[in-house]
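Scroll down for the structure; my scribbles are underneath it.
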Amino acid sequence: MHPVKFLLILSALLLVITPPLHAKPITIKFSHVVAKDTPKGKAVAFFKQRLEERSAGRIRVRIYPNATLYGDRAALTALRSNSIQMAAPSFAKFTDHSPQLQLFDLPFLFRDTQHLHRVLDGEVGNSLLQKTSIKGLHALAFWDNGFKQISANRPLTTPEDAASLKFRIMSSKVLEAQFRTLGANPQILPFSEVYAALQQGIVAGQENTLSNIYTKRLHLVQTDLTITNHGYLGYLLVTNDIFWRKLPDDLKLIVSEAIAKTTIFARSIAAQVNANYLKKIESSGKITVHHLTPNQRAVWQKKMRGIYPDFYYVIGEELIKKSQE
Ligand code: LMR
């Protein structure tokens, strides 16, 4: 073959098999600590599908669930250094970065999910999103899990029942105060260590949503679970400045659209996912589930709400009061 002809064919072939440089997909590594079959796990899967579809393959999302890549603390460090590009830790995990987010850990702050969403979507939520977008992080959205329940290795129907027990908590001063006011001993532990800590008796109890309890099999290493719905567990979806600044504007729009759609999706499924796990926990026969009467619940509420004034300074009295309206 004539060398010129050969070169022409070769370059034509190369054009076909080598995509132009700008077509190389951008990868978003998304690390989280819970199981796939939870409100967060499902939300991340939905986000991946939506974003990959809408970006026509220009963005790829790689999901690392169950703390397989990073645990609670390491995820935020990895995010800041752009080793991962997205995470959705629960509010309590931001205590060092953004102490005001502990607002959402305050026990019995929200009457129900509608009240919670009004706060998240309103002035309070917006100002918290802005305040959290500092020190290398860029806050994107609030995603739902649900209300927490308390379990232990003894029945807990009154706040006094929790006295002197050691409880695993997430890293939040509010949660620490919440258990101290019960006369209990709170101990901060990463989510990935809760099952072993309960099994080995390092802690005697814990609080979490039903989806987190069931998917991490915590009901198998506790004797009693009380449906208190005392506190909310939700997530802040965050990326980092390095990634966000470099992302072309048209892709930023596509990412933002996928996030907005995922937020709606997460809200539409979270309560039902948790309700389904209650049925599974009850029918497992492995743990006794206690449902409080309205009067019993009012006693827990009165006791736990007593800690609010201790956080007027850190969170802001106005923010707390505005959220209660
Ligand atoms: C926990 O540590 O209990 C939760 O933050 C886990 C999660 O991400 O839902």
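Letters A, B, ... mark the chains of the structure tokens in the order given; residue numbers begin at 1 per chain; ligand numbers begin at 1, in order shown.
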
Q) Which chains and residue numbers are within 9 Å of ligand 1, counting only C-alpha atoms and all ligand atoms, if I want them as a ChimeraX atom specification? A) /A:32-35,38-40,72,88-93,145,168-171,189-192,194,206-209,211-213,233-235

Can those selected residues be exported to a file as a compact mmCIF listing (two decimals), in the first residue's frame so that it contains N, CA, C and O atoms?
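Here's the written file out.txt:
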```txt
# COMPACT_ATOMS: atom_id res chain seq x y z
N HIS A 32 -20.14 6.64 50.82
CA HIS A 32 -21.06 6.75 51.96
C HIS A 32 -20.95 5.51 52.85
O HIS A 32 -20.27 4.54 52.48
N VAL A 33 -21.59 5.57 54.01
CA VAL A 33 -21.33 4.53 55.02
C VAL A 33 -22.48 3.54 55.22
O VAL A 33 -22.33 2.58 55.97
N VAL A 34 -23.62 3.79 54.55
CA VAL A 34 -24.77 2.92 54.83
C VAL A 34 -24.95 1.87 53.72
O VAL A 34 -24.26 1.89 52.71
N ALA A 35 -25.94 0.99 53.95
CA ALA A 35 -26.22 -0.07 52.98
C ALA A 35 -26.96 0.52 51.77
O ALA A 35 -27.52 1.60 51.84
N THR A 38 -31.23 1.51 51.66
CA THR A 38 -31.62 2.51 52.66
C THR A 38 -32.02 3.77 51.89
O THR A 38 -31.72 3.88 50.69
N PRO A 39 -32.65 4.74 52.56
CA PRO A 39 -33.00 5.96 51.82
C PRO A 39 -31.78 6.60 51.15
O PRO A 39 -31.85 7.00 49.99
N LYS A 40 -30.63 6.65 51.84
CA LYS A 40 -29.46 7.29 51.22
C LYS A 40 -28.91 6.42 50.08
O LYS A 40 -28.59 6.93 49.00
N ASP A 72 -16.75 7.64 58.43
CA ASP A 72 -17.34 8.94 58.73
C ASP A 72 -16.38 10.12 58.59
O ASP A 72 -16.61 11.05 57.85
N ALA A 88 -22.57 12.38 51.42
CA ALA A 88 -23.79 12.92 52.05
C ALA A 88 -23.81 12.47 53.51
O ALA A 88 -24.66 11.67 53.91
N PRO A 89 -22.88 12.97 54.31
CA PRO A 89 -22.85 12.57 55.72
C PRO A 89 -24.04 13.14 56.48
O PRO A 89 -24.62 14.14 56.06
N SER A 90 -24.38 12.49 57.58
CA SER A 90 -25.47 13.02 58.40
C SER A 90 -25.00 14.32 59.07
O SER A 90 -23.80 14.56 59.20
N PHE A 91 -25.94 15.13 59.50
CA PHE A 91 -25.60 16.47 60.02
C PHE A 91 -24.60 16.41 61.18
O PHE A 91 -23.73 17.26 61.30
N ALA A 92 -24.77 15.37 62.00
CA ALA A 92 -23.90 15.25 63.18
C ALA A 92 -22.42 15.17 62.80
O ALA A 92 -21.55 15.57 63.57
N LYS A 93 -22.14 14.66 61.62
CA LYS A 93 -20.74 14.48 61.21
C LYS A 93 -20.08 15.81 60.84
O LYS A 93 -18.87 15.85 60.60
N ASN A 145 -33.35 10.91 55.65
CA ASN A 145 -33.49 9.53 56.08
C ASN A 145 -34.80 9.52 56.86
O ASN A 145 -35.85 9.41 56.25
N ARG A 168 -24.06 4.39 72.06
CA ARG A 168 -23.27 4.87 70.91
C ARG A 168 -23.98 6.11 70.35
O ARG A 168 -25.20 6.10 70.15
N ILE A 169 -23.18 7.15 70.08
CA ILE A 169 -23.75 8.32 69.41
C ILE A 169 -22.87 8.71 68.22
O ILE A 169 -21.70 8.35 68.14
N MET A 170 -23.47 9.52 67.32
CA MET A 170 -22.69 10.15 66.26
C MET A 170 -21.97 11.35 66.89
O MET A 170 -22.30 11.75 68.02
N SER A 171 -21.03 11.92 66.13
CA SER A 171 -20.18 12.96 66.73
C SER A 171 -20.88 14.32 66.81
O SER A 171 -20.61 15.21 66.02
N LEU A 189 -18.90 6.79 68.26
CA LEU A 189 -18.29 5.69 67.50
C LEU A 189 -18.67 5.85 66.03
O LEU A 189 -19.79 6.28 65.73
N PRO A 190 -17.78 5.47 65.12
CA PRO A 190 -18.16 5.50 63.70
C PRO A 190 -19.28 4.50 63.44
O PRO A 190 -19.37 3.47 64.12
N PHE A 191 -20.07 4.80 62.42
CA PHE A 191 -21.21 3.95 62.10
C PHE A 191 -20.79 2.50 61.84
O PHE A 191 -21.45 1.56 62.25
N SER A 192 -19.65 2.35 61.17
CA SER A 192 -19.21 0.99 60.79
C SER A 192 -18.84 0.13 62.01
O SER A 192 -18.65 -1.07 61.88
N VAL A 194 -20.66 0.14 64.97
CA VAL A 194 -21.76 0.03 65.95
C VAL A 194 -22.15 -1.42 66.23
O VAL A 194 -22.31 -1.81 67.39
N GLN A 206 -28.13 2.26 71.48
CA GLN A 206 -27.83 3.18 70.36
C GLN A 206 -29.13 3.80 69.89
O GLN A 206 -30.23 3.36 70.25
N GLU A 207 -29.01 4.83 69.06
CA GLU A 207 -30.18 5.43 68.42
C GLU A 207 -29.92 5.51 66.92
O GLU A 207 -28.81 5.82 66.51
N ASN A 208 -30.96 5.18 66.13
CA ASN A 208 -30.80 5.31 64.68
C ASN A 208 -32.15 5.14 64.01
O ASN A 208 -33.16 4.83 64.67
N THR A 209 -32.16 5.31 62.70
CA THR A 209 -33.41 5.09 61.96
C THR A 209 -33.60 3.59 61.77
O THR A 209 -32.65 2.80 61.84
N SER A 211 -34.18 1.95 59.08
CA SER A 211 -33.44 1.41 57.92
C SER A 211 -31.99 1.14 58.29
O SER A 211 -31.43 0.11 57.89
N ASN A 212 -31.39 2.03 59.05
CA ASN A 212 -30.00 1.79 59.46
C ASN A 212 -29.90 0.64 60.46
O ASN A 212 -28.95 -0.14 60.43
N ILE A 213 -30.89 0.55 61.34
CA ILE A 213 -30.88 -0.53 62.35
C ILE A 213 -30.98 -1.90 61.65
O ILE A 213 -30.17 -2.80 61.89
N LEU A 233 -32.70 12.18 61.53
CA LEU A 233 -31.40 11.88 60.92
C LEU A 233 -31.52 12.16 59.41
O LEU A 233 -32.28 11.51 58.72
N GLY A 234 -30.80 13.18 59.00
CA GLY A 234 -30.81 13.54 57.59
C GLY A 234 -29.40 13.85 57.12
O GLY A 234 -28.45 13.79 57.91
N TYR A 235 -29.28 14.17 55.84
CA TYR A 235 -27.95 14.30 55.24
C TYR A 235 -27.76 15.63 54.53
O TYR A 235 -28.70 16.18 53.96
```

Q: Select from range 204-310 of chain A everything DSSP, run on the backbone, classes as helix (DSSP H, G or I), then give the selection as number ranges by chain.
A: A: 210-215, 218-221, 241-246, 249-284, 294-305, 308-310

Within 7 Å of range 99-107 of chain A, which residues of range 225-310 of chain A come that close, and what is the closest atom pair and distance in Å for each? Count only C-alpha atoms and give it as a tab-separated table.
```
residue	atom	partner	partner_atom	distance
A:His230	CA	A:Pro107	CA	5.4
A:Gly231	CA	A:Pro107	CA	4.6
A:Tyr232	CA	A:Asp105	CA	6.3
A:Met304	CA	A:Pro107	CA	6.2
A:Arg305	CA	A:Pro107	CA	6.3
```

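Checking A:Ser31, A:Ser284, A:Ala43, A:Ala56 one by one against Leu69 in chain A, counting only C-alpha atoms, you find the shortest gap at A:Ser31.
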
Can you tell me, as an mmCIF file with all heavy atoms, in the first residue's frame, what residues are no more than 9 Å from Lys131 in chain A when counting only C-alpha atoms, ignoring any on the same chain fewer than 5 positions away?
```cif
data_model
loop_
_atom_site.group_PDB
_atom_site.id
_atom_site.type_symbol
_atom_site.label_atom_id
_atom_site.label_comp_id
_atom_site.auth_asym_id
_atom_site.auth_seq_id
_atom_site.Cartn_x
_atom_site.Cartn_y
_atom_site.Cartn_z
ATOM 1 N N SER A 98 -19.176 22.712 60.844
ATOM 2 C CA SER A 98 -20.330 23.621 60.841
ATOM 3 C C SER A 98 -21.237 23.315 62.023
ATOM 4 O O SER A 98 -22.266 22.662 61.880
ATOM 5 C CB SER A 98 -21.135 23.366 59.565
ATOM 6 O OG SER A 98 -21.011 24.386 58.685
ATOM 7 N N GLN A 100 -23.431 24.723 63.589
ATOM 8 C CA GLN A 100 -24.845 25.125 63.547
ATOM 9 C C GLN A 100 -25.755 24.029 62.993
ATOM 10 O O GLN A 100 -26.954 24.009 63.269
ATOM 11 C CB GLN A 100 -25.001 26.371 62.699
ATOM 12 C CG GLN A 100 -24.643 27.638 63.469
ATOM 13 C CD GLN A 100 -25.200 28.859 62.772
ATOM 14 O OE1 GLN A 100 -25.133 28.945 61.553
ATOM 15 N NE2 GLN A 100 -25.738 29.792 63.538
ATOM 16 N N ASN A 126 -31.768 27.482 53.937
ATOM 17 C CA ASN A 126 -30.929 28.204 52.970
ATOM 18 C C ASN A 126 -29.725 28.843 53.633
ATOM 19 O O ASN A 126 -28.612 28.811 53.099
ATOM 20 C CB ASN A 126 -31.750 29.295 52.269
ATOM 21 C CG ASN A 126 -32.583 28.682 51.180
ATOM 22 O OD1 ASN A 126 -32.218 27.656 50.617
ATOM 23 N ND2 ASN A 126 -33.725 29.273 50.891
ATOM 24 N N ALA A 139 -21.898 23.042 49.822
ATOM 25 C CA ALA A 139 -23.122 22.319 50.212
ATOM 26 C C ALA A 139 -24.155 22.379 49.097
ATOM 27 O O ALA A 139 -24.379 23.438 48.510
ATOM 28 C CB ALA A 139 -23.692 22.928 51.486
#
```

Q: Run DSSP on the backbone of this structure and report the residues of range 31-89 of chain A it assigns to strand (DSSP E), as number ranges by chain.
A: A: 31, 59-64, 86-87

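Across A:Leu210, A:Leu182, A:Ile269, A:Ala141, the tightest approach to Val289 in chain A is made by A:Leu210 when counting only C-alpha atoms.
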
Q. By how many Å are CA of Lys216 in chain A and CA of Pro65 in chain A apart?
A.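 Atom-to-atom, CA of Lys216 in chain A and CA of Pro65 in chain A are spaced 12.5 Å apart.
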
Q: Figure out the distance between CA of Tyr64 in chain A and CA of Met86 in chain A, please, to one decimal in Å.
A: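 Separation of CA of Met86 in chain A and CA of Tyr64 in chain A: 10.6 Å.
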
Q) With only C-alpha atoms as the basis for distance, which of A:Leu236, A:Val314, A:Ile242, A:Ile287 is at the shortest distance from Leu140 in chain A? A)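 Once distances to Leu140 in chain A are computed over only C-alpha atoms, the minimum belongs to A:Leu236.
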